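The structure appears below as structure tokens.
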Amino acid sequence: MKLGNVEKMVEHALKLRNEGQYDQALNMYTAAIKEQPSNSDLYRGIGKVAYLMEQNKLAVAAYLSALHIEIAKIEHFGLNEETEKMYDSLPESLVKDLPVKGAFILYYDTNTLRHLAHAIADFDEAALSQEPELLAYKEIYTAHLKGQDLHEILSIYNRTESDYTEQESTFYIQIGKELALAWIKWDRLGSLDVGHLYF
């Protein structure tokens with residue numbers, strides 16, 4: 001299968017990220033966004049690189065942009081067969097509190113929420129100094145983003161994979177959801193110009 005231009009750029013950006021060439025990786029994602037401005041995966045890519053560059057405000061903007069695009073597309077095009085099943089399987093108590101119908105995706109795209117929370121919590125010096133536990137998970141998460149072997153990192157911090165997964169789901173994903181609900185520009189979902197909305 002022949003890779004398209006954007007796919008090639010993403011592949012190159014990932015290679016650059018793994019080599020620690022963050023500026024170049026960021027440039028590559030930015031170029032890819034010029035080709036496909038409403039591709040939410042490209043914004044997630046920017047978020048990860050920005051986090052590794054310790055530019056957490058840029059990371060937050062990128063993750064909010066990715067979520068905005070996902071929600072805006074559902075609002076514009078409506079539910080398809082797959083998303084309708086997802087929406088219908090959400091408990092009524094959650095559905096009634098959604099700001100818009102498309103916001104149901106926040107209960108499924110938990111990976112973006114997790115990254116969003118790390119971009120905030122991992123740069124909160126006061127919280128990190130009070131809770132050594134958070135510092136350990138920041139180190140594990142960062143090393144994992146850098147492409148290092150997860151099991152190796154976990155053993156350094158004397159954690160299991162299930163410890164890590166549980167911390168991500170009970171702590172980070174919950175924070176990410178709260179931040180997304182508070183910070184997504186719900187009144188601007190008619191626009192996909194996330195560059196102006198979040199950056």
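Naming works like this for the structure tokens: A, B, ... for the chains as they're shown, residue 1 at the start of each chain, ligands 1 onward in shown order.
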Contact residues around Ala50 in chain A with only C-alpha atoms at 12 Å, ignoring same-chain residues under 5 positions, as number ranges by chain: A: 17, 20-27, 29-30, 43-45, 55-63, 115-116, 118-119, 142, 145
All residues 10 Å or closer to Glu152 in chain A, only C-alpha atoms, same chain fewer than 6 positions away omitted, as JSON, numbers by chain: {"A": [140, 143, 144, 158]}
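Considering only C-alpha atoms, the residue among A:Leu134, A:Ile74, A:Leu64, A:Glu7 positioned nearest to Glu35 in chain A is A:Glu7.
Look at Ile184 in chain A: the protein and nucleic acid residues within 9 Å of it, using only C-alpha atoms and passing over chain neighbours fewer than 6 places away, are Leu64, Ser65, Leu67, His68 and Tyr198 of chain A.
Closest approach to Leu179 in chain A among A:Asp41, A:Leu106, A:Glu81, A:Val194: A:Leu106, based on only C-alpha atoms.
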Contacts of Leu192 in chain A within 8 Å, only C-alpha atoms, excl. fewer than 2 positions in-chain, as a list of chain:residue names: A:Ser38, A:His68, A:Ile69, A:Ala72, A:Leu189, A:Gly190, A:Val194
Writing out the chosen residues with C-alpha atoms as a tab-separated table (two decimals), in the first residue's frame:
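Saved result, again_5.tsv, follows:
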chain	number	residue	atom	x	y	z
A	38	SER	CA	-9.15	18.82	10.36
A	68	HIS	CA	-12.93	19.92	19.35
A	69	ILE	CA	-12.51	18.48	15.83
A	72	ALA	CA	-17.55	19.22	15.81
A	189	LEU	CA	-18.27	23.95	17.36
A	190	GLY	CA	-19.51	25.32	14.04
A	194	VAL	CA	-8.90	25.34	15.95
For range 95-133 of chain A versus range 160-167 of chain A, which residues have an atom no more than 12 Å away, and what is each residue's nearest atom pair and distance in Å rounded to one decimal, using only C-alpha atoms, chain-then-number order, as CSV?
residue,atom,partner,partner_atom,distance
A:Thr110,CA,A:Thr165,CA,11.9
A:Asn111,CA,A:Thr165,CA,11.4
A:Arg114,CA,A:Gln167,CA,10.2
A:Ala117,CA,A:Gln167,CA,11.8
A:His118,CA,A:Gln167,CA,11.5
A:Glu133,CA,A:Gln167,CA,9.9
Quick one: write out the picked residues with N, CA, C and O atoms as a compact mmCIF listing (two decimals), in the first residue's frame?
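selection07.txt written:
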# COMPACT_ATOMS: atom_id res chain seq x y z
N THR A 110 -10.71 8.29 25.62
CA THR A 110 -10.07 8.52 26.92
C THR A 110 -8.56 8.72 26.79
O THR A 110 -7.94 9.30 27.66
N ASN A 111 -7.99 8.26 25.67
CA ASN A 111 -6.55 8.43 25.48
C ASN A 111 -6.18 9.91 25.38
O ASN A 111 -5.22 10.35 26.00
N ARG A 114 -6.40 11.49 28.75
CA ARG A 114 -5.26 11.09 29.57
C ARG A 114 -4.06 11.98 29.27
O ARG A 114 -3.39 12.49 30.16
N ALA A 117 -4.61 15.53 30.59
CA ALA A 117 -4.40 15.62 32.04
C ALA A 117 -2.91 15.62 32.39
O ALA A 117 -2.48 16.38 33.25
N HIS A 118 -2.13 14.79 31.70
CA HIS A 118 -0.69 14.78 31.95
C HIS A 118 -0.07 16.14 31.63
O HIS A 118 0.83 16.59 32.32
N GLU A 133 4.07 10.15 44.44
CA GLU A 133 3.39 9.18 43.57
C GLU A 133 3.19 9.76 42.17
O GLU A 133 3.43 9.11 41.16
CA of Gly102 in chain A to CA of Phe77 in chain A, distance in Å rounded to a single decimal: 10.1 Å
Among the residues A:Pro91, A:Pro37, A:Gly147, A:Gly47, the one that comes closest to Val6 in chain A [using only C-alpha atoms]: A:Pro37
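Ranking A:Trp186, A:Tyr51, A:Tyr107, A:Tyr87 by their shortest atom-to-atom distance to Lys138 in chain A, with only C-alpha atoms included, puts A:Tyr51 first.
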Picked from range 7-152 of chain A by DSSP as helix (DSSP H, G or I), as a ChimeraX atom specification: /A:7-18,22-35,40-52,56-77,81-88,92-95,101-107,110-121,125-130,132-145,150-152
Take the residues from that selection and write them out as a compact mmCIF listing (two decimals), in the first residue's frame, keeping C-alpha atoms.
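Below is the file result13.txt, written as the result:
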# COMPACT_ATOMS: atom_id res chain seq x y z
CA GLU A 7 1.08 9.55 6.25
CA LYS A 8 4.72 9.90 5.19
CA MET A 9 5.01 13.15 7.15
CA VAL A 10 3.53 11.51 10.26
CA GLU A 11 5.89 8.55 9.93
CA HIS A 12 8.81 10.98 9.67
CA ALA A 13 7.52 13.06 12.61
CA LEU A 14 7.34 9.92 14.79
CA LYS A 15 10.89 8.96 13.81
CA LEU A 16 12.10 12.47 14.69
CA ARG A 17 10.23 12.36 18.01
CA ASN A 18 11.80 9.01 18.93
CA TYR A 22 11.42 17.62 18.82
CA ASP A 23 11.66 20.92 16.92
CA GLN A 24 11.82 19.08 13.60
CA ALA A 25 9.00 16.72 14.63
CA LEU A 26 6.84 19.73 15.52
CA ASN A 27 7.61 21.33 12.14
CA MET A 28 6.65 18.10 10.38
CA TYR A 29 3.28 17.91 12.17
CA THR A 30 2.64 21.59 11.44
CA ALA A 31 3.31 20.98 7.74
CA ALA A 32 0.96 17.98 7.80
CA ILE A 33 -1.78 20.11 9.39
CA LYS A 34 -1.50 22.55 6.46
CA GLU A 35 -2.41 19.59 4.22
CA SER A 40 -7.38 15.31 14.87
CA ASP A 41 -4.54 12.75 14.98
CA LEU A 42 -2.08 15.41 13.83
CA TYR A 43 -2.99 17.59 16.80
CA ARG A 44 -2.48 14.63 19.14
CA GLY A 45 0.96 14.23 17.61
CA ILE A 46 1.74 17.89 18.29
CA GLY A 47 0.51 17.47 21.86
CA LYS A 48 2.93 14.62 22.57
CA VAL A 49 5.91 16.43 21.08
CA ALA A 50 5.02 19.67 22.89
CA TYR A 51 4.79 17.75 26.18
CA LEU A 52 8.28 16.30 25.63
CA ASN A 56 2.61 22.22 28.22
CA LYS A 57 0.40 25.14 27.11
CA LEU A 58 1.00 24.12 23.50
CA ALA A 59 0.25 20.48 24.40
CA VAL A 60 -3.04 21.47 26.09
CA ALA A 61 -4.07 23.56 23.06
CA ALA A 62 -3.28 20.64 20.75
CA TYR A 63 -5.31 18.09 22.74
CA LEU A 64 -8.29 20.46 23.05
CA SER A 65 -8.09 21.01 19.29
CA ALA A 66 -8.17 17.25 18.64
CA LEU A 67 -11.25 16.82 20.86
CA HIS A 68 -12.93 19.92 19.35
CA ILE A 69 -12.51 18.48 15.83
CA GLU A 70 -13.93 15.06 16.84
CA ILE A 71 -16.96 16.62 18.55
CA ALA A 72 -17.55 19.22 15.81
CA LYS A 73 -17.58 16.51 13.13
CA ILE A 74 -20.23 14.54 15.02
CA GLU A 75 -22.27 17.73 15.53
CA HIS A 76 -22.02 18.54 11.81
CA PHE A 77 -22.44 15.10 10.22
CA GLU A 81 -23.78 3.36 12.66
CA GLU A 82 -20.73 2.93 14.88
CA THR A 83 -21.06 6.18 16.86
CA GLU A 84 -24.79 5.66 17.31
CA LYS A 85 -24.09 2.36 19.11
CA MET A 86 -21.55 4.14 21.31
CA TYR A 87 -23.99 6.95 22.09
CA ASP A 88 -26.87 4.54 22.83
CA GLU A 92 -28.97 8.10 30.55
CA SER A 93 -27.52 9.88 33.60
CA LEU A 94 -24.37 10.75 31.58
CA VAL A 95 -26.23 11.62 28.37
CA LYS A 101 -24.66 15.31 21.70
CA GLY A 102 -21.17 14.92 20.19
CA ALA A 103 -19.61 15.36 23.63
CA PHE A 104 -20.37 11.67 24.28
CA ILE A 105 -17.02 11.00 22.57
CA LEU A 106 -15.33 12.18 25.80
CA TYR A 107 -16.40 8.87 27.35
CA THR A 110 -10.07 8.52 26.92
CA ASN A 111 -6.55 8.43 25.48
CA THR A 112 -6.69 12.11 24.49
CA LEU A 113 -8.13 12.95 27.92
CA ARG A 114 -5.26 11.09 29.57
CA HIS A 115 -2.69 13.05 27.57
CA LEU A 116 -4.50 16.33 28.30
CA ALA A 117 -4.40 15.62 32.04
CA HIS A 118 -0.69 14.78 31.95
CA ALA A 119 -0.03 18.09 30.17
CA ILE A 120 -1.55 19.85 33.18
CA ALA A 121 -0.83 17.66 36.22
CA GLU A 125 5.18 21.77 40.69
CA ALA A 126 3.23 22.17 43.96
CA ALA A 127 1.25 18.95 43.41
CA LEU A 128 4.35 17.03 42.32
CA SER A 129 6.32 18.08 45.40
CA GLN A 130 3.47 17.09 47.72
CA PRO A 132 5.83 11.69 45.10
CA GLU A 133 3.39 9.18 43.57
CA LEU A 134 2.52 11.70 40.85
CA LEU A 135 6.19 12.32 40.14
CA ALA A 136 6.74 8.59 39.59
CA TYR A 137 3.83 8.42 37.12
CA LYS A 138 5.08 11.52 35.32
CA GLU A 139 8.48 9.82 34.83
CA ILE A 140 6.83 6.59 33.63
CA TYR A 141 4.52 8.45 31.24
CA THR A 142 7.37 10.62 29.86
CA ALA A 143 9.66 7.64 29.30
CA HIS A 144 6.81 5.77 27.58
CA LEU A 145 6.18 8.78 25.29
CA LEU A 150 7.29 0.33 29.43
CA HIS A 151 8.07 -2.78 31.50
CA GLU A 152 11.62 -1.60 32.05
Using only C-alpha atoms: which of A:Leu98, A:Gln148, A:Thr170, A:Ile156 has the shortest distance to Ala182 in chain A: A:Leu98
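CA of Tyr108 in chain A is positioned 14.3 Å from CA of Tyr172 in chain A.
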